[in-house]
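One file, entry-v3.txt, carrying compact mmCIF, C-alpha atoms and all ligand atoms:
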```
# COMPACT_ATOMS: atom_id res chain seq x y z
CA VAL A 1 -25.60 -3.92 7.13
CA LYS A 2 -25.80 -7.23 5.37
CA LYS A 3 -22.41 -8.86 4.94
CA ILE A 4 -21.55 -9.78 1.34
CA THR A 5 -20.81 -13.47 0.81
CA VAL A 6 -19.78 -15.60 -2.16
CA ASN A 7 -23.47 -16.36 -2.67
CA HIS A 8 -24.28 -12.66 -3.11
CA LEU A 9 -21.47 -12.27 -5.63
CA LYS A 10 -22.70 -15.20 -7.70
CA LYS A 11 -26.28 -13.91 -7.53
CA MET A 12 -25.17 -10.45 -8.65
CA LYS A 13 -23.87 -11.98 -11.87
CA LYS A 14 -27.13 -13.84 -12.40
CA ASP A 15 -29.13 -10.64 -11.78
CA GLY A 16 -26.86 -8.55 -13.99
CA GLU A 17 -25.86 -6.34 -11.07
CA LYS A 18 -22.28 -5.12 -11.51
CA ILE A 19 -19.80 -5.92 -8.74
CA ALA A 20 -17.73 -2.90 -7.62
CA CYS A 21 -14.35 -3.80 -6.09
CA LEU A 22 -11.35 -1.86 -4.82
CA THR A 23 -8.10 -2.70 -3.11
CA ALA A 24 -7.31 -1.47 0.40
CA TYR A 25 -4.29 -2.00 2.62
CA ASP A 26 -5.13 -0.54 6.02
CA TYR A 27 -7.94 -0.04 8.54
CA THR A 28 -8.77 3.58 7.72
CA SER A 29 -9.00 3.23 3.96
CA ALA A 30 -10.91 -0.06 4.32
CA LYS A 31 -13.45 1.70 6.52
CA LEU A 32 -13.86 4.44 3.91
CA VAL A 33 -14.38 2.18 0.88
CA ASP A 34 -16.72 -0.03 2.91
CA ALA A 35 -18.75 3.02 3.91
CA ALA A 36 -18.82 4.09 0.24
CA GLY A 37 -20.47 0.75 -0.48
CA VAL A 38 -17.87 -1.27 -2.33
CA ASP A 39 -18.86 -4.96 -2.66
CA LEU A 40 -15.44 -6.59 -2.44
CA VAL A 41 -12.12 -5.45 -1.03
CA LEU A 42 -8.85 -7.02 -2.14
CA VAL A 43 -5.65 -6.74 -0.17
CA GLY A 44 -3.60 -6.96 -3.33
CA ASP A 45 0.08 -7.65 -3.63
CA SER A 46 0.03 -4.30 -5.45
CA LEU A 47 0.80 -3.11 -1.92
CA GLY A 48 4.43 -3.91 -2.74
CA MET A 49 4.31 -1.02 -5.18
CA VAL A 50 1.85 1.53 -3.75
CA ILE A 51 2.63 0.99 -0.05
CA ASN A 52 6.25 -0.12 -0.12
CA GLY A 53 7.56 1.51 -3.31
CA TYR A 54 9.01 -1.61 -4.90
CA GLU A 55 9.23 -1.72 -8.70
CA ASN A 56 6.96 -4.78 -8.98
CA THR A 57 4.83 -7.07 -6.83
CA LEU A 58 7.34 -9.90 -6.42
CA TYR A 59 8.92 -8.79 -3.12
CA VAL A 60 5.72 -9.03 -1.06
CA THR A 61 5.79 -11.68 1.67
CA LEU A 62 3.08 -13.79 3.25
CA ASP A 63 3.60 -12.03 6.59
CA GLU A 64 3.06 -8.64 4.93
CA ILE A 65 -0.20 -9.77 3.29
CA ILE A 66 -1.42 -11.14 6.63
CA TYR A 67 -0.43 -7.93 8.45
CA HIS A 68 -2.32 -5.70 5.99
CA THR A 69 -5.32 -8.02 5.70
CA LYS A 70 -5.78 -8.04 9.49
CA ALA A 71 -5.86 -4.23 9.46
CA VAL A 72 -8.33 -4.11 6.56
CA LYS A 73 -10.54 -6.74 8.20
CA ARG A 74 -11.10 -4.49 11.21
CA GLY A 75 -12.34 -1.71 8.90
CA LEU A 76 -14.97 -3.74 7.05
CA LYS A 77 -18.62 -4.25 7.93
CA ARG A 78 -20.12 -5.22 4.59
CA ALA A 79 -17.57 -5.85 1.84
CA PHE A 80 -16.26 -9.33 1.03
CA LEU A 81 -12.55 -9.61 1.89
CA VAL A 82 -10.00 -11.26 -0.39
CA ALA A 83 -6.25 -11.59 0.28
CA ASP A 84 -3.72 -11.95 -2.53
CA MET A 85 -1.26 -14.85 -2.30
CA PRO A 86 2.22 -13.38 -2.94
CA PHE A 87 4.72 -14.70 -5.46
CA GLY A 88 6.52 -17.73 -4.05
CA THR A 89 3.86 -18.71 -1.54
CA TYR A 90 2.08 -21.16 -3.86
CA HIS A 91 4.91 -21.94 -6.28
CA ILE A 92 6.99 -24.61 -4.50
CA SER A 93 4.57 -27.47 -3.92
CA GLU A 94 0.83 -27.94 -3.51
CA GLU A 95 1.41 -28.96 0.10
CA GLU A 96 3.24 -25.75 0.90
CA ALA A 97 0.69 -23.72 -1.07
CA ILE A 98 -2.19 -25.22 0.92
CA LYS A 99 -0.33 -24.56 4.15
CA ASN A 100 0.21 -20.91 3.20
CA CYS A 101 -3.41 -20.37 2.09
CA VAL A 102 -4.66 -21.98 5.31
CA ARG A 103 -2.41 -19.60 7.27
CA VAL A 104 -3.84 -16.55 5.49
CA ILE A 105 -7.43 -17.61 6.12
CA LYS A 106 -6.74 -18.62 9.71
CA GLU A 107 -4.70 -15.58 10.75
CA SER A 108 -5.92 -12.65 8.66
CA GLY A 109 -9.71 -12.85 8.59
CA ALA A 110 -9.83 -12.94 4.79
CA GLU A 111 -12.83 -14.78 3.37
CA ALA A 112 -10.97 -15.85 0.25
CA VAL A 113 -7.53 -15.97 -1.31
CA LYS A 114 -6.59 -14.92 -4.84
CA LEU A 115 -3.82 -16.45 -6.87
CA GLU A 116 -2.54 -15.87 -10.38
CA GLY A 117 -2.68 -18.56 -13.06
CA GLY A 118 -4.98 -20.68 -15.20
CA LYS A 119 -4.74 -24.37 -16.02
CA ASN A 120 -1.37 -24.52 -14.23
CA VAL A 121 -2.96 -23.81 -10.84
CA ALA A 122 -6.29 -25.60 -11.38
CA SER A 123 -5.29 -28.73 -9.46
CA LEU A 124 -4.11 -26.65 -6.48
CA ILE A 125 -7.30 -24.57 -6.52
CA LYS A 126 -9.46 -27.70 -6.43
CA LYS A 127 -7.61 -28.90 -3.33
CA LEU A 128 -8.11 -25.52 -1.63
CA VAL A 129 -11.81 -25.45 -2.50
CA ASP A 130 -12.15 -29.03 -1.19
CA ARG A 131 -10.80 -27.72 2.13
CA GLY A 132 -13.37 -24.94 2.35
CA ILE A 133 -11.16 -22.13 1.12
CA ASN A 134 -12.75 -19.69 -1.32
CA VAL A 135 -10.44 -18.99 -4.23
CA MET A 136 -10.52 -16.10 -6.69
CA GLY A 137 -8.70 -16.74 -9.96
CA HIS A 138 -6.61 -14.17 -11.83
CA ILE A 139 -5.72 -14.52 -15.51
CA GLY A 140 -4.72 -12.28 -18.41
CA LEU A 141 -1.92 -9.92 -17.49
CA MET A 142 -0.50 -11.52 -14.36
CA PRO A 143 1.99 -9.13 -12.69
CA GLN A 144 3.74 -12.00 -10.88
CA TYR A 145 4.84 -13.20 -14.34
CA VAL A 146 6.45 -9.83 -15.18
CA HIS A 147 9.89 -11.32 -15.81
CA SER A 148 8.69 -14.24 -17.93
CA MET A 149 6.31 -11.97 -19.88
CA GLY A 150 9.17 -9.54 -20.45
CA GLY A 151 7.10 -6.64 -19.09
CA TYR A 152 3.40 -5.93 -18.69
CA LYS A 153 1.58 -7.03 -21.85
CA ILE A 154 -2.10 -6.75 -22.68
CA GLN A 155 -3.44 -10.26 -23.29
CA GLY A 156 -5.79 -11.75 -25.86
CA ARG A 157 -4.73 -9.72 -28.88
CA GLU A 158 -3.72 -12.80 -30.89
CA GLY A 159 -6.76 -14.89 -30.01
CA ASP A 160 -8.90 -16.04 -27.15
CA GLU A 161 -8.37 -19.81 -27.03
CA ARG A 162 -5.81 -19.98 -24.21
CA LEU A 163 -7.60 -17.44 -22.01
CA ILE A 164 -10.93 -19.20 -22.43
CA GLU A 165 -9.35 -22.57 -21.62
CA ASP A 166 -7.78 -21.05 -18.50
CA ALA A 167 -11.08 -19.47 -17.41
CA LEU A 168 -12.90 -22.77 -17.89
CA ALA A 169 -10.20 -24.65 -15.96
CA LEU A 170 -10.56 -22.19 -13.06
CA GLU A 171 -14.34 -22.50 -13.08
CA GLU A 172 -14.06 -26.29 -13.15
CA ALA A 173 -11.59 -26.14 -10.22
CA GLY A 174 -14.18 -24.23 -8.20
CA VAL A 175 -13.20 -20.54 -8.08
CA PHE A 176 -16.00 -18.19 -7.00
CA ALA A 177 -14.81 -15.39 -9.33
CA ILE A 178 -12.07 -14.62 -11.82
CA VAL A 179 -10.06 -11.41 -12.16
CA LEU A 180 -9.36 -10.56 -15.80
CA GLU A 181 -6.47 -8.12 -15.92
CA GLY A 182 -5.22 -6.37 -19.05
CA VAL A 183 -7.38 -8.38 -21.43
CA VAL A 184 -8.79 -6.98 -24.69
CA ALA A 185 -12.47 -6.17 -24.26
CA GLU A 186 -13.72 -8.63 -26.88
CA VAL A 187 -12.07 -11.56 -25.11
CA SER A 188 -13.27 -10.59 -21.61
CA LYS A 189 -16.79 -10.31 -23.00
CA LYS A 190 -16.53 -13.82 -24.39
CA ILE A 191 -15.09 -15.22 -21.15
CA THR A 192 -17.82 -13.47 -19.15
CA GLU A 193 -20.47 -15.07 -21.34
CA THR A 194 -18.76 -18.47 -21.17
CA VAL A 195 -18.25 -18.96 -17.41
CA LYS A 196 -20.97 -18.94 -14.77
CA VAL A 197 -18.80 -17.37 -12.08
CA PRO A 198 -18.42 -13.58 -12.04
CA THR A 199 -15.54 -11.98 -13.92
CA ILE A 200 -13.94 -8.93 -12.32
CA GLY A 201 -12.10 -6.76 -14.82
CA ILE A 202 -9.17 -4.39 -14.54
CA GLY A 203 -8.18 -3.05 -17.91
CA ALA A 204 -10.54 -5.63 -19.39
CA GLY A 205 -13.38 -3.57 -20.83
CA LYS A 206 -16.96 -2.91 -19.79
CA ASP A 207 -18.50 -6.33 -20.22
CA CYS A 208 -17.03 -8.02 -17.14
CA ASP A 209 -19.44 -8.75 -14.29
CA GLY A 210 -17.54 -6.35 -12.07
CA GLN A 211 -14.57 -4.00 -11.96
CA ILE A 212 -11.61 -3.58 -9.65
CA LEU A 213 -9.01 -0.82 -9.36
CA VAL A 214 -6.13 -0.06 -7.02
CA PHE A 215 -7.03 2.37 -4.19
CA HIS A 216 -4.08 4.69 -4.78
CA ASP A 217 -4.84 4.90 -8.52
CA VAL A 218 -8.56 5.62 -8.08
CA PHE A 219 -7.96 8.38 -5.57
CA GLY A 220 -5.03 9.97 -7.38
CA MET A 221 -2.41 9.20 -4.77
CA PHE A 222 0.04 7.19 -6.86
CA ASP A 223 1.47 8.58 -10.09
CA ASP A 224 4.86 6.88 -10.50
CA PHE A 225 3.02 5.67 -13.58
CA VAL A 226 -0.68 5.62 -14.46
CA PRO A 227 -1.90 2.83 -16.72
CA LYS A 228 -4.45 3.64 -19.45
CA PHE A 229 -7.17 1.62 -17.67
CA VAL A 230 -7.07 3.78 -14.53
CA LYS A 231 -9.79 6.36 -14.02
CA ARG A 232 -9.28 8.88 -11.23
CA TYR A 233 -12.31 9.57 -9.10
CA ALA A 234 -10.60 11.95 -6.70
CA ASP A 235 -7.38 13.96 -6.48
CA VAL A 236 -6.23 13.15 -2.98
CA LYS A 237 -2.62 13.93 -3.86
CA SER A 238 -3.50 17.62 -4.38
CA VAL A 239 -5.59 17.64 -1.23
CA ILE A 240 -2.66 16.31 0.81
CA LEU A 241 -0.13 18.64 -0.86
CA ASP A 242 -2.35 21.70 -0.27
CA GLY A 243 -3.15 20.71 3.31
CA GLY A 244 0.49 19.86 3.95
CA LYS A 245 1.72 23.25 2.68
CA LYS A 246 -0.87 25.09 4.78
CA TYR A 247 0.12 23.14 7.91
CA ILE A 248 3.83 23.81 7.37
CA GLU A 249 3.19 27.51 6.79
CA GLU A 250 1.15 27.82 10.01
CA VAL A 251 3.78 25.97 12.04
CA LYS A 252 6.55 28.16 10.63
CA ASN A 253 4.54 31.33 11.32
CA GLY A 254 3.48 30.32 14.82
CA ILE A 255 -0.21 30.27 13.84
CA PHE A 256 -0.60 26.62 14.76
CA PRO A 257 -1.30 25.62 17.49
CA SER A 258 -3.66 28.39 18.50
CA LYS A 259 -5.42 28.59 21.88
CA GLU A 260 -8.21 26.27 20.81
CA HIS A 261 -5.70 23.47 20.14
CA SER A 262 -3.79 24.00 23.41
CA PHE A 263 -4.24 23.01 27.06
CA PHE A 264 -4.06 25.45 30.00
CA ARG A 265 -3.96 25.21 33.77
CA GLY A 266 -6.66 27.75 34.41
O1 LIG B 1 -2.69 -6.72 -6.44
C1 LIG B 1 -3.72 -6.18 -6.91
O2 LIG B 1 -4.06 -5.05 -6.58
C2 LIG B 1 -4.51 -6.98 -7.85
C3 LIG B 1 -5.70 -6.33 -8.50
C4 LIG B 1 -5.33 -5.15 -9.31
C5 LIG B 1 -6.53 -7.28 -9.24
O3 LIG B 1 -4.22 -8.12 -8.05
NA NA B 2 -2.24 -8.80 -7.25
```
Go through the file and emit its structure as structure tokens.
Amino acid sequence: VKKITVNHLKKMKKDGEKIACLTAYDYTSAKLVDAAGVDLVLVGDSLGMVINGYENTLYVTLDEIIYHTKAVKRGLKRAFLVADMPFGTYHISEEEAIKNCVRVIKESGAEAVKLEGGKNVASLIKKLVDRGINVMGHIGLMPQYVHSMGGYKIQGREGDERLIEDALALEEAGVFAIVLEGVVAEVSKKITETVKVPTIGIGAGKDCDGQILVFHDVFGMFDDFVPKFVKRYADVKSVILDGGKKYIEEVKNGIFPSKEHSFFRG
């Protein structure tokens, strides 16, 4: 298998080949999505919600992202690996932000970091890129801004100027790709046509250069709430519930373990 690099991702945009991305948070699921052929895996801070059950992404720590990214890394042969920078890890000063990003790259095996923001993080991103750290941008609906946004709000309804300026600032700073989350389709199309780096959409319409979804959403494992942009490609929740009920029934009835799952002296 040929390992995907930033160069492949840029070439895919040029060639008009869509980039298929998913999140993953552990070794086993990483191995599965890699085997399925996904191009990029993100260890998203969405893990705060789907792994840890928090109400938003803000509680996730740098140590948690490193822990999960190390596990995912061991499961990947082909996909490009990106680690999300949690809230607070790039907010205090550029010096501290650089230190934290360096730690993620050095300790976790991620090939890139992702951080939320546009013009406001462009100067930081340039410094990271200057140090050989691949950075993925993330604009539009930025979940780390949930409190200042006053909830999760689809972006770009009132116009596209600010989003396009942010995308251009990120490109200028040197990102290798930009996540567009919760952006009206017309605006993501325009951004995708405007920047040379690939755009990866989530709730951002069909014209992005690639798409990303959260593992637990795609496979029907998380239904505390299901956003409109989620499409389910499998119903793993039912599979686990059915299998779980069967297992419990067989344990209760003494059917499991049978002889074939037991050890004997003779
Ligand atoms: O944390 C996450 O899973 C993300 C993606 C949905 C883009 O940031
Ligand atoms: Na995220």
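Picture a line from CA of Lys114 in chain A to atom NA of ligand NA 2 (chain B); it runs 7.9 Å.
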Near Lys18 in chain A, counting only C-alpha atoms, which residues have an atom at most 8 Å away, once you skip same-chain residues fewer than 4 positions from it, shown as a JSON list (two decimals) with C-alpha atoms, in the frame of the given file?
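Writing done, so here's part.json:
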```json
[["chain", "number", "residue", "atom", "x", "y", "z"],
["A", 12, "MET", "CA", -25.17, -10.45, -8.65],
["A", 13, "LYS", "CA", -23.87, -11.98, -11.87],
["A", 209, "ASP", "CA", -19.44, -8.75, -14.29],
["A", 210, "GLY", "CA", -17.54, -6.35, -12.07],
["A", 211, "GLN", "CA", -14.57, -4.00, -11.96]]
```
Kindly provide, as JSON, numbers by chain, all nucleotide and amino acid residues lying within 6 Å of ligand NA 2 (chain B), counting all atoms listed in the file. {"A": [44, 45, 46, 84]}
Counting all atoms listed in the file, which of A:Val104, A:Met142, A:Ile212, A:Val41 gets nearest to Phe87 in chain A?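 For Phe87 in chain A, the nearest of the candidates is A:Met142.
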Considering only C-alpha atoms and all ligand atoms, tabulate each residue of chain A that lies at most 8 Å from ligand LIG 1 (chain B) along with its nearest interatomic pair and the corresponding distance in Å to one decimal; arrange the rows by chain and ascending residue number and present them as a Markdown table.
```
| residue | atom | partner | partner_atom | distance |
| --- | --- | --- | --- | --- |
| A:Thr23 | CA | B:LIG1 | O2 | 5.8 |
| A:Leu42 | CA | B:LIG1 | O2 | 6.8 |
| A:Val43 | CA | B:LIG1 | O2 | 6.8 |
| A:Gly44 | CA | B:LIG1 | O1 | 3.2 |
| A:Asp45 | CA | B:LIG1 | O1 | 4.1 |
| A:Ser46 | CA | B:LIG1 | O1 | 3.8 |
| A:Leu47 | CA | B:LIG1 | O1 | 6.8 |
| A:Thr57 | CA | B:LIG1 | O1 | 7.5 |
| A:Asp84 | CA | B:LIG1 | O1 | 6.6 |
| A:Lys114 | CA | B:LIG1 | O3 | 7.9 |
| A:His138 | CA | B:LIG1 | C5 | 7.4 |
| A:Pro143 | CA | B:LIG1 | O3 | 7.8 |
| A:Val179 | CA | B:LIG1 | C5 | 6.2 |
| A:Leu180 | CA | B:LIG1 | C5 | 7.9 |
| A:Glu181 | CA | B:LIG1 | C5 | 6.7 |
| A:Gly201 | CA | B:LIG1 | C5 | 7.9 |
| A:Ile202 | CA | B:LIG1 | C4 | 6.5 |
| A:Ile212 | CA | B:LIG1 | C5 | 6.3 |
| A:Leu213 | CA | B:LIG1 | C4 | 5.7 |
| A:Val214 | CA | B:LIG1 | O2 | 5.4 |
```
Residue contacts of Asn100 in chain A (8 Å, all atoms listed in the file) excluding same-chain residues fewer than 3 positions away, as a PyMOL selection string: chain A and resi 62+89-90+96-97+103-104
So, counting only C-alpha atoms, which residue among A:Ile51, A:Ala79, A:Ile139, A:Val113 is closest to Ile200 in chain A?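 That would be A:Ile139, the residue with the smallest distance to Ile200 in chain A.
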Using all atoms listed in the file, which of the listed residues (A:Glu94, A:Glu111, A:Asp63, A:Asp235) sits closest to Val6 in chain A?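 Nearest candidate to Val6 in chain A out of A:Glu94, A:Glu111, A:Asp63, A:Asp235: A:Glu111.
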Contact residues around range 152-160 of chain A with all atoms listed in the file at 7 Å, ignoring same-chain residues under 3 positions, as a VMD selection string: chain A and resid 140 to 141 143 146 149 163 to 164 182 to 184 187
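For the residues A:Val60, A:Ala36, A:Ala24, A:Ile19, ranking by smallest atom-to-atom distance to Val197 in chain A using all atoms listed in the file places A:Ile19 first.
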Have a look at CA of Leu9 in chain A and CA of Gly220 in chain A and let me know their distance in Å, one decimal.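 About the pair CA of Leu9 in chain A and CA of Gly220 in chain A: they are 27.7 Å apart.
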Excluding Leu76 in chain A and residues on its chain fewer than 4 positions from it, collect all residues at most 12 Å away from it, counting all atoms listed in the file, and give them as a PyMOL selection string. chain A and resi 1-4+24-42+69-72+80-82+109-111
Could you complete range 226-252 of chain A so that it carries N, CA and C atoms, and give it back as a compact mmCIF listing (two decimals), keeping the file's coordinate frame?
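So rebuild-v5.txt came out as:
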```txt
# COMPACT_ATOMS: atom_id res chain seq x y z
N VAL A 226 0.77 5.80 -14.49
CA VAL A 226 -0.68 5.62 -14.46
C VAL A 226 -1.11 4.87 -15.72
N PRO A 227 -1.49 3.60 -15.55
CA PRO A 227 -1.90 2.83 -16.72
C PRO A 227 -3.16 3.41 -17.37
N LYS A 228 -3.33 3.12 -18.66
CA LYS A 228 -4.45 3.64 -19.45
C LYS A 228 -5.81 3.26 -18.84
N PHE A 229 -5.87 2.09 -18.17
CA PHE A 229 -7.17 1.62 -17.67
C PHE A 229 -7.61 2.30 -16.38
N VAL A 230 -6.73 3.12 -15.80
CA VAL A 230 -7.07 3.78 -14.53
C VAL A 230 -7.93 5.00 -14.78
N LYS A 231 -9.05 5.11 -14.04
CA LYS A 231 -9.79 6.36 -14.02
C LYS A 231 -9.70 6.93 -12.61
N ARG A 232 -9.39 8.22 -12.53
CA ARG A 232 -9.28 8.88 -11.23
C ARG A 232 -10.61 9.45 -10.81
N TYR A 233 -11.04 9.07 -9.61
CA TYR A 233 -12.31 9.57 -9.10
C TYR A 233 -12.13 10.63 -8.03
N ALA A 234 -10.89 10.90 -7.65
CA ALA A 234 -10.60 11.95 -6.70
C ALA A 234 -9.12 12.30 -6.84
N ASP A 235 -8.77 13.50 -6.39
CA ASP A 235 -7.38 13.96 -6.48
C ASP A 235 -6.82 14.18 -5.08
N VAL A 236 -6.66 13.07 -4.37
CA VAL A 236 -6.23 13.15 -2.98
C VAL A 236 -4.80 13.67 -2.87
N LYS A 237 -4.00 13.43 -3.87
CA LYS A 237 -2.62 13.93 -3.86
C LYS A 237 -2.60 15.45 -3.71
N SER A 238 -3.43 16.15 -4.50
CA SER A 238 -3.50 17.62 -4.38
C SER A 238 -4.02 18.04 -3.03
N VAL A 239 -5.01 17.30 -2.53
CA VAL A 239 -5.59 17.64 -1.23
C VAL A 239 -4.51 17.56 -0.15
N ILE A 240 -3.71 16.50 -0.20
CA ILE A 240 -2.66 16.31 0.81
C ILE A 240 -1.54 17.35 0.63
N LEU A 241 -1.17 17.63 -0.62
CA LEU A 241 -0.13 18.64 -0.86
C LEU A 241 -0.58 20.02 -0.38
N ASP A 242 -1.82 20.39 -0.70
CA ASP A 242 -2.35 21.70 -0.27
C ASP A 242 -2.43 21.78 1.25
N GLY A 243 -3.02 20.75 1.85
CA GLY A 243 -3.15 20.71 3.31
C GLY A 243 -1.78 20.71 3.97
N GLY A 244 -0.86 19.95 3.40
CA GLY A 244 0.49 19.86 3.95
C GLY A 244 1.20 21.21 3.93
N LYS A 245 1.07 21.94 2.81
CA LYS A 245 1.72 23.25 2.68
C LYS A 245 1.14 24.24 3.70
N LYS A 246 -0.18 24.20 3.85
CA LYS A 246 -0.87 25.09 4.78
C LYS A 246 -0.38 24.83 6.21
N TYR A 247 -0.33 23.55 6.58
CA TYR A 247 0.12 23.14 7.91
C TYR A 247 1.54 23.65 8.17
N ILE A 248 2.43 23.41 7.23
CA ILE A 248 3.83 23.81 7.37
C ILE A 248 3.95 25.33 7.55
N GLU A 249 3.18 26.05 6.72
CA GLU A 249 3.19 27.51 6.79
C GLU A 249 2.74 27.99 8.17
N GLU A 250 1.68 27.40 8.70
CA GLU A 250 1.15 27.82 10.01
C GLU A 250 2.10 27.47 11.15
N VAL A 251 2.78 26.33 11.02
CA VAL A 251 3.78 25.97 12.04
C VAL A 251 4.94 26.96 12.00
N LYS A 252 5.42 27.23 10.79
CA LYS A 252 6.55 28.16 10.63
C LYS A 252 6.22 29.55 11.14
```
